[in-house]
$ cat run-v8.txt   # compact mmCIF, C-alpha atoms
# COMPACT_ATOMS: atom_id res chain seq x y z
CA MET A 1 94.89 105.25 108.04
CA ASP A 2 92.33 106.92 105.81
CA PRO A 3 88.99 107.22 107.71
CA ARG A 4 87.15 105.95 104.60
CA ASN A 5 88.77 102.56 105.11
CA ASN A 6 87.22 99.96 107.39
CA VAL A 7 89.95 97.39 106.70
CA THR A 8 92.39 97.29 109.61
CA TYR A 9 94.19 94.09 108.64
CA PHE A 10 94.84 91.76 105.72
CA VAL A 11 95.03 87.98 105.57
CA LEU A 12 97.92 86.58 103.54
CA LEU A 13 97.05 83.15 102.15
CA GLY A 14 100.67 82.38 101.32
CA LEU A 15 102.02 80.01 98.70
CA THR A 16 99.83 76.99 99.42
CA GLN A 17 97.05 75.79 101.69
CA ASN A 18 98.28 72.16 101.72
CA PRO A 19 99.70 71.35 105.21
CA MET A 20 102.30 68.90 103.90
CA GLU A 21 103.50 71.32 101.21
CA GLN A 22 103.67 74.07 103.85
CA LYS A 23 105.99 71.98 106.02
CA ILE A 24 108.28 71.15 103.10
CA LEU A 25 108.40 74.76 101.91
CA PHE A 26 108.98 75.96 105.48
CA VAL A 27 112.19 73.91 105.69
CA ILE A 28 113.30 74.95 102.20
CA PHE A 29 112.77 78.70 102.69
CA LEU A 30 114.27 78.65 106.18
CA LEU A 31 117.41 77.14 104.63
CA VAL A 32 117.31 79.65 101.76
CA TYR A 33 117.00 82.59 104.16
CA THR A 34 119.85 81.27 106.31
CA LEU A 35 122.09 80.92 103.25
CA THR A 36 121.06 84.40 102.06
CA ILE A 37 122.04 86.09 105.30
CA THR A 38 125.23 84.04 105.72
CA GLY A 39 126.45 84.45 102.14
CA ASN A 40 125.76 88.17 101.83
CA LEU A 41 127.09 88.91 105.32
CA LEU A 42 130.27 87.05 104.43
CA ILE A 43 130.73 89.30 101.39
CA VAL A 44 130.14 92.47 103.42
CA VAL A 45 132.62 91.37 106.12
CA THR A 46 135.24 90.21 103.59
CA VAL A 47 135.14 93.44 101.56
CA THR A 48 135.17 95.55 104.74
CA LEU A 49 138.14 93.78 106.36
CA SER A 50 140.21 92.86 103.31
CA LYS A 51 142.85 95.36 102.21
CA THR A 52 143.02 93.91 98.70
CA LEU A 53 139.33 94.45 97.90
CA ASP A 54 139.40 98.23 97.94
CA SER A 55 138.30 98.87 94.35
CA PRO A 56 134.94 100.48 93.47
CA MET A 57 133.65 97.13 92.15
CA TYR A 58 133.86 95.57 95.61
CA PHE A 59 132.50 98.72 97.25
CA PHE A 60 129.37 98.34 95.14
CA LEU A 61 129.29 94.56 95.66
CA ALA A 62 129.35 94.97 99.46
CA ASN A 63 126.48 97.47 99.25
CA LEU A 64 124.55 95.12 96.97
CA SER A 65 124.96 92.36 99.56
CA PHE A 66 123.79 94.71 102.31
CA ILE A 67 120.69 95.57 100.30
CA ASP A 68 120.02 91.85 99.71
CA ILE A 69 120.28 91.16 103.44
CA VAL A 70 117.67 93.79 104.32
CA TYR A 71 115.54 93.16 101.23
CA SER A 72 115.19 89.45 101.97
CA SER A 73 114.60 90.18 105.67
CA VAL A 74 111.58 92.29 104.74
CA ILE A 75 110.02 89.35 102.87
CA SER A 76 111.39 85.99 104.02
CA PRO A 77 110.57 85.98 107.80
CA LYS A 78 106.90 86.71 107.08
CA LEU A 79 106.86 84.07 104.34
CA ILE A 80 108.44 81.51 106.68
CA SER A 81 106.01 82.28 109.51
CA ASN A 82 103.15 82.07 107.01
CA LEU A 83 104.22 78.55 106.05
CA LEU A 84 104.55 77.58 109.71
CA LEU A 85 101.19 78.98 110.82
CA GLY A 86 99.16 78.29 107.68
CA GLU A 87 98.05 81.87 107.10
CA THR A 88 99.23 85.22 108.42
CA ILE A 89 97.24 88.23 109.57
CA VAL A 90 99.05 91.53 109.06
CA SER A 91 97.87 94.98 110.06
CA PHE A 92 97.12 97.63 107.46
CA LYS A 93 100.11 99.64 108.68
CA PHE A 94 102.48 96.67 108.49
CA CYS A 95 101.23 95.91 104.98
CA MET A 96 102.02 99.47 103.91
CA PHE A 97 105.42 99.24 105.64
CA GLN A 98 106.26 96.01 103.82
CA LEU A 99 105.14 97.51 100.51
CA PHE A 100 107.30 100.59 101.06
CA THR A 101 110.44 98.74 102.18
CA GLU A 102 110.12 96.08 99.48
CA HIS A 103 110.12 98.73 96.74
CA LEU A 104 112.70 100.89 98.54
CA PHE A 105 115.34 98.15 98.57
CA GLY A 106 114.23 96.68 95.26
CA GLY A 107 114.45 100.11 93.61
CA ALA A 108 117.83 100.79 95.21
CA GLU A 109 119.12 97.43 93.97
CA VAL A 110 118.13 97.92 90.33
CA THR A 111 119.71 101.39 90.34
CA LEU A 112 122.86 100.06 92.03
CA LEU A 113 123.17 97.40 89.32
CA LEU A 114 123.27 100.25 86.80
CA ALA A 115 126.08 101.90 88.79
CA MET A 116 127.96 98.58 88.81
CA ALA A 117 127.59 98.33 85.04
CA PHE A 118 129.02 101.87 84.68
CA ASP A 119 131.97 100.85 86.88
CA ARG A 120 132.68 97.83 84.64
CA TYR A 121 132.35 99.97 81.52
CA VAL A 122 134.97 102.43 82.76
CA ALA A 123 137.28 99.65 84.01
CA ILE A 124 137.23 97.74 80.71
CA CYS A 125 136.69 100.43 78.08
CA LYS A 126 138.70 103.25 79.69
CA PRO A 127 141.27 101.48 81.92
CA LEU A 128 143.82 104.34 81.83
CA HIS A 129 141.24 106.77 83.20
CA TYR A 130 139.62 104.38 85.66
CA LEU A 131 141.23 105.72 88.84
CA VAL A 132 140.51 109.29 87.76
CA ILE A 133 136.85 108.69 86.90
CA MET A 134 135.90 106.23 89.64
CA ARG A 135 137.16 108.22 92.59
CA GLN A 136 135.75 107.64 96.04
CA TRP A 137 133.36 110.59 95.94
CA VAL A 138 132.00 109.41 92.58
CA CYS A 139 131.25 105.98 94.07
CA VAL A 140 129.51 107.60 97.03
CA VAL A 141 127.43 109.82 94.72
CA LEU A 142 126.38 106.79 92.66
CA LEU A 143 125.43 104.92 95.86
CA VAL A 144 123.41 107.88 97.15
CA ALA A 145 121.71 108.16 93.75
CA ALA A 146 120.73 104.48 94.01
CA TRP A 147 119.14 105.02 97.42
CA VAL A 148 117.40 108.23 96.32
CA GLY A 149 116.06 106.44 93.25
CA GLY A 150 114.77 103.60 95.40
CA PHE A 151 113.16 106.02 97.84
CA LEU A 152 111.39 108.02 95.13
CA HIS A 153 110.16 104.84 93.49
CA SER A 154 108.83 103.39 96.76
CA ILE A 155 107.20 106.63 97.96
CA ILE A 156 105.30 106.88 94.67
CA GLN A 157 104.19 103.25 94.92
CA LEU A 158 103.08 103.75 98.51
CA GLY A 159 101.26 106.98 97.66
CA THR A 160 99.24 105.33 94.89
CA ILE A 161 98.07 102.55 97.22
CA TYR A 162 97.64 104.57 100.40
CA GLY A 163 95.23 106.95 98.69
CA LEU A 164 92.83 104.14 97.75
CA THR A 165 89.78 103.00 99.71
CA PHE A 166 89.67 99.49 101.18
CA CYS A 167 86.12 98.90 102.31
CA GLY A 168 85.54 95.16 102.43
CA PRO A 169 87.63 92.28 101.04
CA ASN A 170 90.88 91.83 102.94
CA ILE A 171 92.16 88.42 101.83
CA ILE A 172 95.35 88.60 99.75
CA ASP A 173 96.16 85.51 97.71
CA HIS A 174 99.86 86.10 98.06
CA PHE A 175 102.67 85.70 100.59
CA MET A 176 103.39 89.45 100.82
CA CYS A 177 101.74 92.82 100.36
CA ASP A 178 102.39 94.00 96.81
CA MET A 179 100.88 96.41 94.32
CA TYR A 180 98.59 94.32 92.12
CA PRO A 181 97.14 92.10 94.89
CA LEU A 182 96.27 95.28 96.84
CA LEU A 183 94.81 97.00 93.78
CA LYS A 184 92.56 93.98 93.36
CA LEU A 185 91.06 94.61 96.83
CA ALA A 186 90.53 98.35 96.44
CA CYS A 187 86.95 99.64 96.19
CA ASP A 188 87.93 102.50 93.87
CA ASP A 189 88.36 102.53 90.12
CA THR A 190 92.05 101.56 89.85
CA TYR A 191 92.54 102.02 86.09
CA VAL A 192 94.58 105.24 86.43
CA THR A 193 96.39 103.87 89.48
CA GLY A 194 97.33 100.79 87.49
CA LEU A 195 98.83 102.98 84.77
CA LEU A 196 100.88 104.82 87.40
CA VAL A 197 102.18 101.51 88.74
CA ILE A 198 103.16 100.41 85.23
CA ALA A 199 104.93 103.74 84.61
CA ASN A 200 106.73 103.78 87.95
CA GLY A 201 107.50 100.06 88.10
CA GLY A 202 107.39 98.33 84.77
CA LEU A 203 108.62 101.24 82.66
CA MET A 204 111.46 101.99 85.07
CA CYS A 205 112.59 98.35 85.10
CA SER A 206 112.33 98.11 81.31
CA ILE A 207 114.36 101.28 80.69
CA LEU A 208 117.07 100.32 83.20
CA PHE A 209 117.22 96.81 81.77
CA LEU A 210 117.71 98.16 78.24
CA LEU A 211 120.42 100.54 79.47
CA LEU A 212 122.18 97.65 81.20
CA LEU A 213 121.99 95.46 78.10
CA MET A 214 123.37 98.29 75.98
CA SER A 215 126.22 98.97 78.41
CA TYR A 216 127.23 95.32 78.60
CA GLY A 217 126.92 95.09 74.82
CA VAL A 218 129.46 97.91 74.49
CA ILE A 219 131.70 96.24 77.08
CA LEU A 220 131.61 92.85 75.35
CA HIS A 221 132.29 94.50 71.98
CA SER A 222 135.39 96.20 73.39
CA LEU A 223 136.85 92.93 74.73
CA LYS A 224 138.36 92.12 71.32
CA ASN A 225 141.01 94.78 72.00
CA LEU A 226 142.18 93.09 75.22
CA SER A 227 144.71 90.32 75.77
CA LYS A 228 143.47 86.75 76.20
CA GLU A 229 143.98 86.80 79.98
CA ALA A 230 142.34 90.21 80.42
CA ARG A 231 139.48 89.15 78.16
CA HIS A 232 138.88 86.01 80.22
CA LYS A 233 138.85 88.00 83.48
CA ALA A 234 136.51 90.63 82.06
CA LEU A 235 134.16 87.98 80.67
CA SER A 236 134.05 86.26 84.05
CA THR A 237 133.19 89.49 85.88
CA CYS A 238 130.66 90.67 83.30
CA GLY A 239 129.12 87.21 83.16
CA SER A 240 128.37 87.41 86.88
CA HIS A 241 126.83 90.88 86.52
CA ILE A 242 124.72 89.92 83.51
CA THR A 243 123.43 86.81 85.30
CA VAL A 244 122.32 88.85 88.32
CA VAL A 245 120.73 91.47 86.06
CA ILE A 246 118.70 88.87 84.16
CA PHE A 247 117.61 87.05 87.34
CA PHE A 248 116.36 90.27 88.90
CA PHE A 249 115.00 92.28 85.98
CA VAL A 250 113.16 89.71 83.86
CA PRO A 251 110.68 88.70 86.62
CA CYS A 252 110.24 92.36 87.64
CA ILE A 253 109.44 93.40 84.08
CA PHE A 254 106.91 90.59 83.75
CA MET A 255 105.33 91.54 87.09
CA TYR A 256 104.96 95.28 86.54
CA ALA A 257 105.20 96.07 82.81
CA ARG A 258 101.72 94.72 82.09
CA PRO A 259 98.07 95.55 82.85
CA ALA A 260 97.21 95.61 86.55
CA LYS A 261 96.00 92.03 86.85
CA THR A 262 97.11 89.08 88.95
CA PHE A 263 98.10 85.67 87.55
CA PRO A 264 98.79 82.32 89.27
CA ILE A 265 102.46 82.47 88.25
CA ASP A 266 102.94 85.80 90.07
CA LYS A 267 103.67 84.16 93.42
CA SER A 268 106.36 81.91 91.95
CA LEU A 269 108.04 84.84 90.17
CA SER A 270 107.85 86.96 93.33
CA VAL A 271 109.56 84.18 95.27
CA PHE A 272 112.32 84.07 92.67
CA TYR A 273 113.32 87.75 92.70
CA THR A 274 112.59 88.50 96.38
CA VAL A 275 113.85 85.29 98.01
CA ILE A 276 115.92 83.17 95.63
CA THR A 277 117.93 85.87 93.81
CA PRO A 278 119.33 87.46 97.02
CA MET A 279 120.59 83.97 97.97
CA LEU A 280 122.14 83.34 94.53
CA ASN A 281 124.00 86.66 94.31
CA PRO A 282 126.82 85.71 96.74
CA PHE A 283 127.37 82.39 94.94
CA ILE A 284 127.36 84.04 91.50
CA TYR A 285 129.88 86.70 92.50
CA THR A 286 132.19 84.64 94.70
CA LEU A 287 132.40 81.42 92.69
CA ARG A 288 133.38 83.32 89.53
CA ASN A 289 135.72 85.77 91.26
CA SER A 290 139.16 84.50 92.29
CA GLU A 291 140.04 87.74 94.09
CA MET A 292 137.00 87.40 96.33
CA THR A 293 137.58 83.71 97.10
CA ASN A 294 141.28 84.31 97.83
CA ALA A 295 140.41 87.24 100.12
CA MET A 296 137.94 85.02 102.00
CA LYS A 297 140.60 82.31 102.43
CA ARG A 298 143.14 84.82 103.76
CA LEU A 299 140.56 86.27 106.10
CA TRP A 300 139.65 82.83 107.44
CA LYS A 301 143.35 81.98 107.98
CA ARG A 302 143.94 85.30 109.74
CA LYS A 303 141.04 84.60 112.09
CA GLY A 304 142.18 81.03 112.62
CA LEU A 305 139.04 79.51 111.11
$ encode --input "run-v8.txt" --output "structure tokens"
Amino acid sequence: MDPRNNVTYFVLLGLTQNPMEQKILFVIFLLVYTLTITGNLLIVVTVTLSKTLDSPMYFFLANLSFIDIVYSSVISPKLISNLLLGETIVSFKFCMFQLFTEHLFGGAEVTLLLAMAFDRYVAICKPLHYLVIMRQWVCVVLLVAAWVGGFLHSIIQLGTIYGLTFCGPNIIDHFMCDMYPLLKLACDDTYVTGLLVIANGGLMCSILFLLLLMSYGVILHSLKNLSKEARHKALSTCGSHITVVIFFFVPCIFMYARPAKTFPIDKSLSVFYTVITPMLNPFIYTLRNSEMTNAMKRLWKRKGL
């Protein structure tokens, strides 16, 4: 830690200070986290063991579920313990670790969603060239690019915070360590730092979101050339992707594509895209995907479940 800092730990106030509300939220978020791990792990296992789910779409879906498992595990256990104990004390190093991992997996996820949109574009708009374009090495390159993008994003976010001086206040009115709550506690002038956060977070999310909307716009426009059955299948798949994109990107854009200030609604939005969305993803993809549900049924029968 920087020797200028005399803050060795932070106090996370969590979502509420009301004991009764804490107990209710503790049960709710424990259930949400359990469903998140179970649902996403089921997708990873099904795609890995099923011989019929060997297309690039399911390769990306399994990796998205893996990211959601780790992403939620960075946030949810600390949130749950916070609700159980009332408030949580975290070390400066753990706070930086949580900040880094949160943006690493969040950045990897938004980039992976772009790769998934590209896969759907090729599958629907260029079906005859799909197997040629989306070869295994291309999928691996896109996955590596997603992780590299997430790493670069998170290392920049960490660097902007780690270089600041924390000399006094250490109470964070949040359930996790994040950029704007930490900027609020810094003793330095954070105007330039805030602009860097907007450029690296808000601008990145906004650009990727626009690219995704444009790609799905092209895909939906091309559906008129497909048969009724193919159009229905493509709409179902794209509908799932668009839903996940909106759930993840809209809160992120609101959180980071704005001046570096904190608002009361920030905690609720953070809960949505860090805790709720990873739980919803398995339901969104499996309930609207007959191939996935059928593969799960066959897998359960094979295992005698």
$ residues_near_point --input "run-v8.txt" --point "(106.3, 94.4, 109.4)" --cutoff "12 Å" --atoms "only C-alpha atoms" --output "ChimeraX atom specification"
/A:73-79,88-102,176-177
$ closest_residue --input "run-v8.txt" --among "A:Ile284, A:Ile124, A:Cys187, A:Leu223" --to "Ser240 of chain A" --atoms "only C-alpha atoms"
A:Ile284
$ atom_distance --input "run-v8.txt" --atom1 "atom CA of Phe283 of chain A" --atom2 "atom CA of Thr48 of chain A"
18.2 Å
$ closest_residue --input "run-v8.txt" --among "A:Ile24, A:Ala146, A:Val45, A:Val275" --to "Ser65 of chain A" --atoms "all atoms listed in the file"
A:Val45
$ atom_distance --input "run-v8.txt" --atom1 "atom CA of Ile198 of chain A" --atom2 "atom CA of Asn6 of chain A"
27.3 Å
$ residues_around --input "run-v8.txt" --residues "Ala260 of chain A" --least-positions-apart "3" --cutoff "9 Å" --atoms "only C-alpha atoms" --output "ChimeraX atom specification"
/A:179-180,183-184,190-191,193-195,197-198,256-257
$ residues_around --input "run-v8.txt" --residues "segment 106-119 of chain A" --least-positions-apart "3" --cutoff "7 Å" --atoms "all atoms listed in the file" --output "list of chain:residue names"
A:Met57, A:Phe60, A:Leu64, A:Ile67, A:Glu102, A:His103, A:Val122, A:Ala123, A:Leu142, A:Leu143, A:Ala146, A:Trp147, A:Gly149, A:Gly150, A:His153, A:Leu212, A:Ser215
$ closest_residue --input "run-v8.txt" --among "A:Gly202, A:Leu49, A:Lys23, A:Ser236" --to "Arg302 of chain A" --atoms "all atoms listed in the file"
A:Leu49
$ axis_aligned_box --input "run-v8.txt" --around "segment 36-42 of chain A" --padding-each-side "3 Å" --output "JSON"
{"center_x": 125.7, "center_y": 86.5, "center_z": 103.8, "size_x": 15.2, "size_y": 10.9, "size_z": 9.9}
$ decode --input "run-v8.txt" --residues "segment 73-104 of chain A" --atoms "N, CA and C atoms" --output "short mmCIF file (atom, residue, chain, number, x, y, z; two decimals), in the first residue's frame"
data_model
loop_
_atom_site.label_atom_id
_atom_site.label_comp_id
_atom_site.auth_asym_id
_atom_site.auth_seq_id
_atom_site.Cartn_x
_atom_site.Cartn_y
_atom_site.Cartn_z
N SER A 73 -19.44 -14.78 -7.32
CA SER A 73 -18.74 -15.25 -6.13
C SER A 73 -17.80 -14.18 -5.57
N VAL A 74 -17.41 -13.24 -6.40
CA VAL A 74 -16.60 -12.12 -5.92
C VAL A 74 -17.44 -11.15 -5.09
N ILE A 75 -18.74 -11.05 -5.43
CA ILE A 75 -19.60 -10.05 -4.81
C ILE A 75 -20.54 -10.65 -3.75
N SER A 76 -21.27 -11.70 -4.11
CA SER A 76 -22.37 -12.19 -3.28
C SER A 76 -21.96 -12.67 -1.89
N PRO A 77 -20.91 -13.49 -1.70
CA PRO A 77 -20.57 -13.94 -0.35
C PRO A 77 -20.31 -12.79 0.62
N LYS A 78 -19.63 -11.74 0.17
CA LYS A 78 -19.38 -10.59 1.03
C LYS A 78 -20.68 -9.84 1.33
N LEU A 79 -21.56 -9.75 0.33
CA LEU A 79 -22.86 -9.12 0.54
C LEU A 79 -23.68 -9.91 1.56
N ILE A 80 -23.68 -11.22 1.43
CA ILE A 80 -24.46 -12.08 2.33
C ILE A 80 -23.92 -11.99 3.76
N SER A 81 -22.60 -12.02 3.90
CA SER A 81 -22.01 -11.91 5.24
C SER A 81 -22.27 -10.53 5.84
N ASN A 82 -22.29 -9.51 4.98
CA ASN A 82 -22.60 -8.16 5.43
C ASN A 82 -24.00 -8.10 6.03
N LEU A 83 -24.95 -8.73 5.36
CA LEU A 83 -26.34 -8.75 5.84
C LEU A 83 -26.46 -9.55 7.13
N LEU A 84 -25.64 -10.57 7.28
CA LEU A 84 -25.68 -11.41 8.47
C LEU A 84 -25.06 -10.72 9.68
N LEU A 85 -23.96 -10.00 9.43
CA LEU A 85 -23.21 -9.38 10.53
C LEU A 85 -23.58 -7.93 10.80
N GLY A 86 -24.30 -7.32 9.86
CA GLY A 86 -24.68 -5.92 10.05
C GLY A 86 -23.79 -4.97 9.27
N GLU A 87 -22.50 -5.08 9.43
CA GLU A 87 -21.55 -4.32 8.63
C GLU A 87 -20.27 -5.14 8.50
N THR A 88 -19.51 -4.89 7.47
CA THR A 88 -18.33 -5.70 7.18
C THR A 88 -17.09 -4.83 7.09
N ILE A 89 -16.05 -5.26 7.77
CA ILE A 89 -14.75 -4.58 7.68
C ILE A 89 -13.89 -5.35 6.70
N VAL A 90 -13.38 -4.67 5.70
CA VAL A 90 -12.50 -5.30 4.70
C VAL A 90 -11.18 -4.56 4.67
N SER A 91 -10.11 -5.28 4.48
CA SER A 91 -8.79 -4.66 4.41
C SER A 91 -8.65 -3.86 3.12
N PHE A 92 -7.69 -2.95 3.12
CA PHE A 92 -7.42 -2.16 1.92
C PHE A 92 -7.07 -3.08 0.75
N LYS A 93 -6.26 -4.10 1.03
CA LYS A 93 -5.83 -5.01 -0.03
C LYS A 93 -7.01 -5.81 -0.58
N PHE A 94 -7.90 -6.28 0.32
CA PHE A 94 -9.06 -7.03 -0.16
C PHE A 94 -9.97 -6.13 -0.99
N CYS A 95 -10.10 -4.88 -0.57
CA CYS A 95 -10.93 -3.93 -1.31
C CYS A 95 -10.39 -3.75 -2.73
N MET A 96 -9.09 -3.62 -2.86
CA MET A 96 -8.47 -3.49 -4.18
C MET A 96 -8.64 -4.78 -4.99
N PHE A 97 -8.53 -5.92 -4.30
CA PHE A 97 -8.71 -7.21 -4.97
C PHE A 97 -10.13 -7.34 -5.50
N GLN A 98 -11.12 -6.97 -4.68
CA GLN A 98 -12.51 -7.05 -5.11
C GLN A 98 -12.77 -6.11 -6.28
N LEU A 99 -12.21 -4.92 -6.20
CA LEU A 99 -12.36 -3.95 -7.29
C LEU A 99 -11.79 -4.50 -8.59
N PHE A 100 -10.59 -5.08 -8.51
CA PHE A 100 -9.94 -5.62 -9.70
C PHE A 100 -10.73 -6.78 -10.29
N THR A 101 -11.11 -7.76 -9.47
CA THR A 101 -11.80 -8.94 -9.97
C THR A 101 -13.19 -8.61 -10.48
N GLU A 102 -13.87 -7.69 -9.81
CA GLU A 102 -15.20 -7.27 -10.26
C GLU A 102 -15.14 -6.73 -11.68
N HIS A 103 -14.17 -5.86 -11.95
CA HIS A 103 -14.06 -5.26 -13.29
C HIS A 103 -13.41 -6.21 -14.29
N LEU A 104 -12.59 -7.14 -13.80
CA LEU A 104 -12.01 -8.15 -14.70
C LEU A 104 -13.11 -9.01 -15.30
#
